[in-house]
Structures are given as structure tokens and as C-alpha cells.
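Comments concern the structure below.
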Amino acid sequence: MRLSHISLSNLKRRKGKTLFLALGLLIGIATVVTLLSITQAMKEDINKKLDEFGANIVIVPKSDNLSLSYGGVTISSVSSEVKELSEEDAAKIRTIKNKENINIVAPKLLGAVDAEGKRALLVGVLFPDELKLKKWWEWKGKKPSNSNDLILGSEAAKKLRKKISEKLRINGEEFRVVAVLKETGSQEDGLIFADLKETQKLLGKPGSISLIEVAAWCYSCPIEEIVRQTSQVLPQAKVSAVKQVVQSKMYTLEMFSQFSIVLSLVVLFIGSLIVLTTMMSSVNERTREIGIFRAIGYRKSHIMKIILLEALVVSLASGLLGYLLGTSTAKLLAPKVAGLSVAIGWNPLLVIGAVGLAILIGLLGSLYPAWRASHLDPAQALRFI
Amino acid sequence: MEKFIVVEKVKKIYHGPEGGVQALRQIDLTVDEGEFVAIMGPSGSGKSTLLSIIGAMNPPSEGRLLVDEIDIYGLRQEKLADFRHEYLGFVFQELQLIPYLTAIENVLLPLAISNNISSKEKWQLAQEVLEKIGLGDKARRLPSQLSGGEQERVAIARAIVSDPPILLADEPTGSLDSKTGEEIMKLFQILNQEEQRTIIMVTHNREAAQFAQRVILIRDGEIIGEERLKT
Ligand SMILES: Nc1ncnc2c1ncn2[C@@H]1O[C@H](COP(=O)(O)OP(=O)(O)OP(=O)(O)O)[C@@H](O)[C@H]1O
Ligand SMILES: [Mg+2]
């Protein structure tokens, strides 16, 4: 027999007290797990929505007298007057303080070209990033894989009379149309999309970038903060935020996550008070018992061990159950209350967190009662029944 | 060994809300190894106080306790606990078993903090001791399922399971009828005579005291007389 046997027997044979203690912790942990899961799901939800909305920051070269609009007519006169951005500038965006919040960086080079006798606007892009950014794009054909592959806007395809897998000569170079976009109703319909490197070669501007679209999100800081940080690393560029629906979502999330933190703290505080009072009254009830242990020759540390072990076992169980209950509640609530489409899963990291938190609170709440128990005067403890 | 337990000029004052209570005025007492001593006296005379001082649980206000030539209250707190574990077995009047542990688990308590024997040996030893005191068949019962006399026996089994040389008992027959009380006293006699354990027992009961070799009479915190008995 070991000391743990004493702890376990006490828990087993005094089920009411044990249950009460466990319940106090369980409710606390379950609440925290529920709130955390929902907050996490909200973040993922926003992440998804953000992808759907595309870029929320646009970076263009600074210019006093010219405005450069996406596909605007002024493009042709830009070349000589405005200092363009470079590929290094695009790389710098990923060095800002909030760099984890930068989701996609999509640099592009714009230029007017001659496409088999017609004037057209060519957009050089990094296809993988561009396609990630423009989740809403629908097209016929396949994804570009070669450097001379093109995607045509629906309008452009019509005007140039080109179909998928046909060749198209641009400024004398031969390209191949691999995909045609469905009508988007935006300027993109009239554009020709090509590989960035090829476009730079074709326009004679190696390393140049005309504009960078960035998808960034940060639920706890305003997008303006990311804009400010980006401006700092790119002093020669004009960085502007594109207002989006997502921002109000972010605000909601921010409020909810603050509310969650406060509620969690309150519930956990109550939980530790329950542990403290339950353990304290248990120690008081067991005064004589503790006197007997001491008379037998148990050291103070043995008494501490018996009581803290009890707390540990209850905490462990409460942590696990609290995790299960909390996640189940979140699974149930997320679609109904928060209207989230993101599935809440079983998160192994959260199990560890929940159990760890339960143990921390259980032990913290029991430390003083255990100390008190171990410091009972054995002669006194045995005197009073 | 002569002079196994020496209580030397011991005084005890309890400080309560109504001022100090002089529980022991001046006690000098020597108990030899293997002796069976009974302490008698009226209620409030300081018997339990004296026993708890000998039991290394209650530091005297003045004086010393020597056991086996060790100055007990000169020891540090945890050493004091170790001393109790090694030298002493306690038996009280009642409510001395842990209610949520079975009889055998209660007997195992002193062994739970010993690391030098295996768990299997511990259980075997506890079972043997229970059988010796005639409770082998009730090992798995909770204290609430045992009679007062049986509970007392379990407590005695617990007191001797780790084989301490000294047994301290505070009114061990106090809550028992005279027949059961006598059985318990016979058990004490066996533990004293056959196993050479030193026993110090506080009692109100004349008949119980007759099983001892010496009776110490105490009144108002002082020893007022002594009686040697032949058994
Ligand atoms: N912890 C304490 N605090 C204050 N006074 C105490 C304390 N313990 C004992 N006393 C007092 O000391 C005196 C001796 O008490 P003690 O318990 O030793 O007597 P006793 O001889 O064992 O009595 P009884 O036969 O009733 O058990 C009593 O007056 C008692 O009230
Ligand atoms: Mg007494």
C-alpha cells in the first residue's frame, strides 16, 4: 500500500464531496474550452471569408501627378514617369512586425501590348499566388503550368477571338491560351494574364512591379496597423487599405474574444474558490484523521502528498471531462448560435491545455488546505473528536 | 535496557483564552524496557497530556524526554515524526480508525510510508497481524462494520504492525464493556510478556490497571503515588 491508495480510497468512499469538487472544476474547464473552440472557429471562419474577398491592401508606387488604377487607361503613360516597385519590395512585406498576419502577397506588372494587332492590357502575375487570392475566379481550361501560358478575361477572349489551347502572339512572342475566365463583371474581364517573369521580359522591365495586392488579416489589430507597418518598410510606395465586410467580422471576433477571456477568468476564479472551500472543509472534517496519521509517524510532507494527490486525481478527471463537455458544447453551439460554417474538431493540443489548466487550478486551490492540514498540531487534532 | 524512557522535570502549561492552565506541574518518571505501566488519576489530572508528551507529539513547557538516550524534543520536526514511526504505536479510546479504509488497510497505514518492504510483503504482514489478534476473517470490512472491541483490536494491530518497541494507550478499554475490555487487556499482556514491548497505558479502570506491573497515580499534574503489582 502506498499513500496514493489512501487518497484514492478517500475520493472513492466520499463520492459526494469528490463529485462537488470535480463539478466545480469541470464547469470551469468546459466553459473555457467552449469559448476557446468557438473563438478559434470564428478566426478560421474569417480566414476563409477573407480568402473569398481577396486583397485588402494595395501597394502602388508613390506618384505626385499620376494615378494608377487597376487596368486604367493611364497605364500606357506610366512607364517613364513613375518609379516602379521591384520584386525586392514585394519580399519586404513579409518582414513587418505583424508578418504572421500577411496571408498572400500577389505582385503584378501591368503594360499595354500589341496582341495580334489589337491594343490590350497585359498583367504579369505569379499564377499560384494570384489564383490563391482570387478564389472566386471560375474558368474553363486548366491552370497555367508553362511560362508562356495565358489566362484570358472573358471580354478579352471574345475580342481577340481566342479559344482554349489556341496560340496568341503578343508583341511578336508566341503564347498559348490555357484558360478563359467566366465573366466576373469587373475590369478583369478585359485583361490578359501572363507569367510575371515573361511579362517583365516582354516589356523590357526585368524585376519591375507595378502594383502589389496583399491579403492580410488580423483579428485583434486594425488593418491600418498592417498598412502602417508596410509603409515603413516601403517608404517609396503608397500603401492603402481596401475596406471590406471582413473588418466588421473582425470587430465582432475581437469583442467576443475579449468577452471570452473575461468570462473564462471569472469562471476559473469561481472554480478555484470551490476547490479551496471544498478542500478546506474536507481538511477540517478530517482533523482527527490527520492527527492519527501524524501519530503513526507520517511527516508533514506525507500529509501534503495525500491531499494534493486527491486534488490531482480530481483535476485530471475534471480536465478530461471538461474538455469533452466543452468541445461537445462548442460543436453544438457553433452552427446554431454563432452561425459558423467551420467544423469544430477534437483538438489534441486543447486536451493538454484543459488538463493542464485543471491541474493548475486544482493544485493551487488545494495548496493552502494541504499546508494547513500538514501543520495541524497532532496532539490537538487527537484531543477533539 | 534500564531507564528506557525518562521523563525529566517535565512541566506543561497550556495557554488558552482564559490564561494559562498548568496541566503538568512537575513530572519525573522512568520506565524500563519491557515494563507495562498504567497511569491512573481523576479526570483533568493531566494523564493524556503526559502520554502525548511521551508520544513525541506535545512539547513540554519545561523539562526533557529521553527515549533510548535520545533527547526527543531536541529533534527537528520531521525527525520527530520519524521517531514516532520507528519507536511508537498508539492506541486510543475510539474513533481511531480511518473510516474510508478497510480493517487491513488501516493496519497497513504505518507500512505505507516504509520503503524497505515490498507491497506484497506489506499485505502479508498486515494479514498475519490481524490473524494474530483474531480478526483474520474481517480484514476487508470497513470500521463501521466492526464492533467497538473489534475496532480496538484493529487499532492494536496497526500499532504493532511495524514492530515498535513502545506501545502507548489512552483509555483503550474506555468505551468497551468489561468482558471485551478484559480481552483487550489480555492481548496487551501478551504483547508485553511474549513480545517484550514496553507499554504505557492511561486508564480509569482499576481492573484494567491490574494487568500492569506498575501503577502511577497522578493528580493535579503531579505524581502522588506508585504501586507495584505482581502478575
Ligand atoms: N490543548 C489544551 N489547551 C488548553 N488546556 C488543555 C489542553 N489540553 C488539556 N488541557 C487542560 O489540561 C488539563 C489536563 O488535561 P488532560 O487531557 O491531560 O487530562 P486527563 O487526565 O487526560 O483527563 P481525562 O481523564 O478527562 O481524559 C485539563 O485541565 C485540561 O482542560
Ligand atoms: Mg485523557
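Chains: A, B, ... in order of the C-alpha cells. Residues: from 1 per chain. Ligands: from 1, in order shown.
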Which residues of chain B have any atom within 6 Å of an atom in chain A when counting only C-alpha atoms, and what is the closest pair of atoms for each, with the distance in Å to one decimal? Order the rows by chain and rising number and write it as CSV.
```
residue,atom,partner,partner_atom,distance
B:Met57,CA,A:Ala379,CA,5.6
B:Asn58,CA,A:Ala379,CA,5.9
B:Glu78,CA,A:Arg299,CA,5.8
B:Ala81,CA,A:Gly297,CA,4.4
B:Asp82,CA,A:Gly297,CA,5.7
B:Arg84,CA,A:Gly297,CA,4.8
B:His85,CA,A:Gly297,CA,4.1
B:Tyr100,CA,A:Arg13,CA,5.9
B:Ala112,CA,A:Arg2,CA,4.8
B:Ser119,CA,A:Met1,CA,5.8
```
Counting only C-alpha atoms and all ligand atoms, what residues are within 9 Å of ligand 2, given as an mmCIF file with C-alpha atoms, in the first residue's frame?
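Final file, result.cif:
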```cif
data_model
loop_
_atom_site.group_PDB
_atom_site.id
_atom_site.type_symbol
_atom_site.label_atom_id
_atom_site.label_comp_id
_atom_site.auth_asym_id
_atom_site.auth_seq_id
_atom_site.Cartn_x
_atom_site.Cartn_y
_atom_site.Cartn_z
ATOM 1 C CA ARG A 383 -7.944 15.746 21.509
ATOM 2 C CA SER B 43 -10.313 13.483 35.051
ATOM 3 C CA GLY B 44 -8.307 16.563 34.177
ATOM 4 C CA SER B 45 -5.273 15.468 36.178
ATOM 5 C CA GLY B 46 -3.003 15.547 33.131
ATOM 6 C CA LYS B 47 -2.801 11.863 32.116
ATOM 7 C CA SER B 48 -3.428 12.403 28.426
ATOM 8 C CA THR B 49 -1.078 15.359 28.449
ATOM 9 C CA LEU B 51 1.034 10.461 27.401
ATOM 10 C CA ASP B 170 -5.031 6.219 26.218
ATOM 11 C CA GLU B 171 -8.020 4.522 27.849
ATOM 12 C CA VAL B 202 -3.696 5.585 30.759
ATOM 13 C CA THR B 203 -6.835 4.195 32.335
#
```
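Take atom CA of Val123 of chain A and atom CA of Leu109 of chain A: the distance between them is 5.7 Å.
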Fill in: In segment 199-269 of chain A, DSSP helix (DSSP H, G or I) residues written as a PyMOL selection string
chain A and resi 199-203+223-233+245-269
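Minimum atom-to-atom distances from B:Gly221, B:Pro60, B:Gly134, B:Gly148 to ligand 1 were compared using only C-alpha atoms and all ligand atoms, and the lowest value belongs to B:Gly221.
Shortest separation to Glu225 of chain A among A:Ile344, A:Val58, A:Ile96, A:Ala112 occurs at residue A:Ile96, atoms counted being only C-alpha atoms.
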Practice prompt. Skip Met185 of chain B itself and residues of its chain fewer than 3 positions away, then list as JSON, numbers by chain all residues within 12 Å of it, counting only C-alpha atoms.
Written response: {"B": [36, 38, 149, 152, 153, 156, 169, 171, 172, 173, 174, 176, 178, 179, 180, 181, 182, 188, 189, 190, 191, 192, 199, 201, 203, 205, 206, 207, 208, 209, 210, 211, 212]}
With N, CA and C atoms retained, could you export that selection as a compact mmCIF listing (two decimals), in the first residue's frame?
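For reference, again01.txt as written:
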```
# COMPACT_ATOMS: atom_id res chain seq x y z
N PHE B 36 5.35 -2.73 31.80
CA PHE B 36 3.95 -2.41 31.50
C PHE B 36 3.47 -1.50 32.62
N ALA B 38 0.75 1.41 34.11
CA ALA B 38 -0.56 2.04 33.99
C ALA B 38 -0.51 3.39 34.67
N GLY B 149 -15.08 -3.50 20.15
CA GLY B 149 -13.94 -4.32 20.53
C GLY B 149 -13.09 -4.70 19.33
N GLU B 152 -11.05 -1.80 18.28
CA GLU B 152 -9.93 -1.63 19.19
C GLU B 152 -8.80 -2.59 18.80
N ARG B 153 -9.18 -3.81 18.44
CA ARG B 153 -8.18 -4.79 18.04
C ARG B 153 -7.46 -4.37 16.76
N ILE B 156 -4.98 -1.93 17.62
CA ILE B 156 -3.80 -2.55 18.24
C ILE B 156 -2.93 -3.20 17.16
N ALA B 169 -1.11 3.76 25.13
CA ALA B 169 -2.56 3.59 25.02
C ALA B 169 -3.27 4.55 25.95
N GLU B 171 -6.73 5.14 27.55
CA GLU B 171 -8.02 4.52 27.85
C GLU B 171 -8.48 3.55 26.77
N PRO B 172 -7.70 2.51 26.53
CA PRO B 172 -8.03 1.59 25.44
C PRO B 172 -9.32 0.82 25.70
N THR B 173 -9.73 0.72 26.97
CA THR B 173 -10.95 -0.04 27.26
C THR B 173 -12.11 0.89 27.62
N GLY B 174 -11.88 2.18 27.48
CA GLY B 174 -12.84 3.18 27.94
C GLY B 174 -14.24 3.01 27.38
N LEU B 176 -15.47 0.17 26.06
CA LEU B 176 -15.84 -1.24 25.89
C LEU B 176 -16.51 -1.78 27.15
N SER B 178 -17.05 -4.69 30.10
CA SER B 178 -15.95 -5.22 30.91
C SER B 178 -15.36 -6.51 30.34
N LYS B 179 -16.20 -7.30 29.70
CA LYS B 179 -15.69 -8.57 29.16
C LYS B 179 -14.76 -8.29 27.98
N THR B 180 -15.21 -7.42 27.08
CA THR B 180 -14.37 -7.07 25.94
C THR B 180 -13.11 -6.37 26.41
N GLY B 181 -13.27 -5.52 27.43
CA GLY B 181 -12.13 -4.80 27.99
C GLY B 181 -11.08 -5.77 28.50
N GLU B 182 -11.56 -6.82 29.13
CA GLU B 182 -10.62 -7.79 29.68
C GLU B 182 -9.86 -8.52 28.57
N PHE B 188 -2.93 -7.09 25.55
CA PHE B 188 -1.83 -6.21 25.97
C PHE B 188 -0.77 -7.01 26.73
N GLN B 189 -1.26 -7.89 27.61
CA GLN B 189 -0.35 -8.68 28.43
C GLN B 189 0.53 -9.57 27.55
N ILE B 190 -0.09 -10.15 26.54
CA ILE B 190 0.69 -10.99 25.62
C ILE B 190 1.75 -10.16 24.91
N LEU B 191 1.32 -8.97 24.43
CA LEU B 191 2.25 -8.10 23.71
C LEU B 191 3.41 -7.70 24.61
N ASN B 192 3.11 -7.56 25.91
CA ASN B 192 4.15 -7.17 26.86
C ASN B 192 5.05 -8.34 27.22
N ILE B 199 4.92 -0.98 27.54
CA ILE B 199 3.57 -0.43 27.38
C ILE B 199 3.31 0.62 28.45
N MET B 201 0.02 2.82 29.63
CA MET B 201 -1.41 2.88 29.39
C MET B 201 -2.09 3.80 30.39
N THR B 203 -5.52 4.83 32.16
CA THR B 203 -6.84 4.20 32.33
C THR B 203 -7.55 4.72 33.57
N ASN B 205 -9.81 2.62 34.74
CA ASN B 205 -10.38 1.35 35.13
C ASN B 205 -9.41 0.56 36.01
N ARG B 206 -9.80 0.35 37.28
CA ARG B 206 -8.97 -0.41 38.24
C ARG B 206 -8.61 -1.80 37.72
N GLU B 207 -9.66 -2.47 37.17
CA GLU B 207 -9.43 -3.84 36.70
C GLU B 207 -8.42 -3.88 35.56
N ALA B 208 -8.55 -2.93 34.68
CA ALA B 208 -7.60 -2.88 33.57
C ALA B 208 -6.20 -2.64 34.10
N ALA B 209 -6.09 -1.77 35.10
CA ALA B 209 -4.78 -1.43 35.65
C ALA B 209 -4.10 -2.64 36.28
N GLN B 210 -4.90 -3.61 36.72
CA GLN B 210 -4.33 -4.79 37.36
C GLN B 210 -3.44 -5.60 36.43
N PHE B 211 -3.61 -5.41 35.12
CA PHE B 211 -2.77 -6.16 34.17
C PHE B 211 -1.37 -5.58 34.06
N ALA B 212 -1.18 -4.37 34.59
CA ALA B 212 0.14 -3.73 34.51
C ALA B 212 1.04 -4.22 35.63
```
Discussion item. Report as a PyMOL selection string all protein, DNA and RNA residues lying within 7 Å of segment 21-34 of chain B, evaluated on only C-alpha atoms, omitting residues in the same chain fewer than 5 positions from it.
Written reply: chain B and resi 1-15+46+192+196-198+221-223
Keeping N, CA, C and O atoms for every residue in the selection just given, could you write it to a file as a CSV table (one decimal), in the first residue's frame?
```
chain,number,residue,atom,x,y,z
B,1,MET,N,17.2,-3.1,28.5
B,1,MET,CA,18.0,-1.8,28.9
B,1,MET,C,17.2,-1.2,30.1
B,1,MET,O,16.0,-1.0,30.0
B,2,GLU,N,17.9,-0.7,31.0
B,2,GLU,CA,17.3,0.1,32.1
B,2,GLU,C,17.0,1.5,31.6
B,2,GLU,O,17.6,1.9,30.7
B,3,LYS,N,16.1,2.1,32.3
B,3,LYS,CA,15.8,3.5,32.0
B,3,LYS,C,15.6,3.8,30.5
B,3,LYS,O,16.3,4.6,29.9
B,4,PHE,N,14.6,3.1,30.0
B,4,PHE,CA,14.4,3.2,28.6
B,4,PHE,C,13.7,4.5,28.2
B,4,PHE,O,14.1,5.2,27.3
B,5,ILE,N,12.7,4.8,29.0
B,5,ILE,CA,12.0,6.1,28.9
B,5,ILE,C,12.2,7.0,30.1
B,5,ILE,O,11.9,6.5,31.2
B,6,VAL,N,12.7,8.2,29.9
B,6,VAL,CA,13.0,9.0,31.1
B,6,VAL,C,12.2,10.4,30.9
B,6,VAL,O,12.5,11.1,29.9
B,7,VAL,N,11.3,10.6,31.8
B,7,VAL,CA,10.6,11.9,31.8
B,7,VAL,C,11.3,12.8,32.8
B,7,VAL,O,11.3,12.4,34.0
B,8,GLU,N,11.9,13.9,32.5
B,8,GLU,CA,12.7,14.6,33.4
B,8,GLU,C,12.2,16.0,33.7
B,8,GLU,O,12.2,16.8,32.7
B,9,LYS,N,11.8,16.2,34.9
B,9,LYS,CA,11.3,17.6,35.3
B,9,LYS,C,10.4,18.2,34.3
B,9,LYS,O,10.6,19.4,33.9
B,10,VAL,N,9.4,17.5,33.9
B,10,VAL,CA,8.5,18.0,32.8
B,10,VAL,C,7.4,18.8,33.4
B,10,VAL,O,6.7,18.4,34.3
B,11,LYS,N,7.2,20.0,32.8
B,11,LYS,CA,6.1,20.9,33.1
B,11,LYS,C,5.3,21.2,31.8
B,11,LYS,O,6.0,21.2,30.8
B,12,LYS,N,4.0,21.3,32.0
B,12,LYS,CA,3.3,21.7,30.8
B,12,LYS,C,2.2,22.8,31.1
B,12,LYS,O,1.4,22.5,32.0
B,13,ILE,N,2.3,23.9,30.5
B,13,ILE,CA,1.3,24.9,30.7
B,13,ILE,C,0.6,25.1,29.3
B,13,ILE,O,1.3,25.3,28.3
B,14,TYR,N,-0.7,25.0,29.3
B,14,TYR,CA,-1.5,25.3,28.1
B,14,TYR,C,-1.9,26.8,28.1
B,14,TYR,O,-2.4,27.2,29.1
B,15,HIS,N,-1.7,27.5,27.1
B,15,HIS,CA,-2.1,28.9,27.0
B,15,HIS,C,-3.4,29.0,26.3
B,15,HIS,O,-3.5,28.7,25.1
B,46,GLY,N,-4.2,15.4,34.0
B,46,GLY,CA,-3.0,15.5,33.1
B,46,GLY,C,-2.5,14.3,32.5
B,46,GLY,O,-1.4,14.2,32.0
B,192,ASN,N,3.1,-7.6,25.9
B,192,ASN,CA,4.1,-7.2,26.9
B,192,ASN,C,5.0,-8.3,27.2
B,192,ASN,O,6.3,-8.3,27.1
B,196,GLN,N,7.9,-8.6,24.7
B,196,GLN,CA,8.7,-7.6,25.4
B,196,GLN,C,8.5,-6.2,24.9
B,196,GLN,O,9.5,-5.4,24.8
B,197,ARG,N,7.3,-5.8,24.6
B,197,ARG,CA,7.0,-4.4,24.3
B,197,ARG,C,6.8,-3.7,25.6
B,197,ARG,O,6.2,-4.1,26.5
B,198,THR,N,7.4,-2.4,25.6
B,198,THR,CA,7.1,-1.5,26.7
B,198,THR,C,5.8,-0.9,26.5
B,198,THR,O,5.5,-0.4,25.4
B,221,GLY,N,-1.7,17.2,38.0
B,221,GLY,CA,-0.4,17.4,37.3
B,221,GLY,C,0.8,17.0,38.0
B,221,GLY,O,1.9,17.4,37.7
B,222,GLU,N,0.6,16.2,39.1
B,222,GLU,CA,1.8,15.7,39.8
B,222,GLU,C,1.6,14.2,40.1
B,222,GLU,O,0.5,13.7,40.3
B,223,ILE,N,2.7,13.5,40.2
B,223,ILE,CA,2.7,12.1,40.6
B,223,ILE,C,2.5,12.0,42.1
B,223,ILE,O,3.3,12.6,42.8
```
Worksheet entry | Interatomic distance, atom CA of Tyr323 of chain A to atom CA of Ile29 of chain A (Å, one decimal) | 6.8 Å
Item to complete: Quick one: everything within 7 Å of segment 105-111 of chain B, counting only C-alpha atoms, minus sequence neighbours fewer than 3 positions away in the same chain. Send it as a ChimeraX atom specification.
Response: /A:1,296 /B:97-98,101-102,114,122,126,154,157-158,161-162
Export of the given selection (N, CA and C atoms) as a short mmCIF file (atom, residue, chain, number, x, y, z; two decimals), in the first residue's frame:
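Printed below is part28.cif as written:
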```cif
data_model
loop_
_atom_site.label_atom_id
_atom_site.label_comp_id
_atom_site.auth_asym_id
_atom_site.auth_seq_id
_atom_site.Cartn_x
_atom_site.Cartn_y
_atom_site.Cartn_z
N MET A 1 0.83 -1.21 0.00
CA MET A 1 0.00 0.00 0.00
C MET A 1 0.86 1.25 0.00
N ILE A 296 0.98 8.18 13.86
CA ILE A 296 1.61 7.00 13.29
C ILE A 296 3.02 7.30 12.81
N LEU B 97 -9.77 4.69 13.82
CA LEU B 97 -9.55 4.09 12.51
C LEU B 97 -9.98 5.08 11.44
N ILE B 98 -9.32 5.00 10.30
CA ILE B 98 -9.69 5.87 9.18
C ILE B 98 -10.95 5.27 8.56
N LEU B 101 -11.10 3.46 5.07
CA LEU B 101 -10.18 2.37 4.77
C LEU B 101 -10.66 1.10 5.47
N THR B 102 -10.47 -0.03 4.83
CA THR B 102 -10.86 -1.31 5.43
C THR B 102 -9.94 -1.62 6.61
N SER B 114 6.79 3.11 4.60
CA SER B 114 8.06 2.37 4.65
C SER B 114 8.42 1.93 3.24
N LYS B 122 3.95 -6.32 2.58
CA LYS B 122 3.16 -5.47 3.48
C LYS B 122 1.79 -6.09 3.72
N ALA B 126 0.35 -7.52 7.27
CA ALA B 126 -0.87 -6.97 7.88
C ALA B 126 -1.88 -8.09 8.14
N VAL B 154 -8.25 -3.84 15.81
CA VAL B 154 -7.63 -3.38 14.57
C VAL B 154 -6.61 -2.28 14.89
N ALA B 157 -3.59 -3.86 16.21
CA ALA B 157 -2.84 -4.47 15.11
C ALA B 157 -2.04 -3.40 14.38
N ARG B 158 -2.68 -2.25 14.14
CA ARG B 158 -1.98 -1.16 13.46
C ARG B 158 -0.81 -0.66 14.29
N VAL B 161 2.08 -3.33 13.94
CA VAL B 161 2.44 -3.95 12.66
C VAL B 161 3.87 -3.65 12.23
N SER B 162 4.35 -2.44 12.57
CA SER B 162 5.73 -2.15 12.16
C SER B 162 6.70 -2.45 13.30
#
```
Worksheet item: Excluding same-chain residues fewer than 2 positions from Glu138 of chain A, what lies within 12 Å of it counting only C-alpha atoms, as a PyMOL selection string?
Response: chain A and resi 131+134-136+140-143+151-154+179-184+189
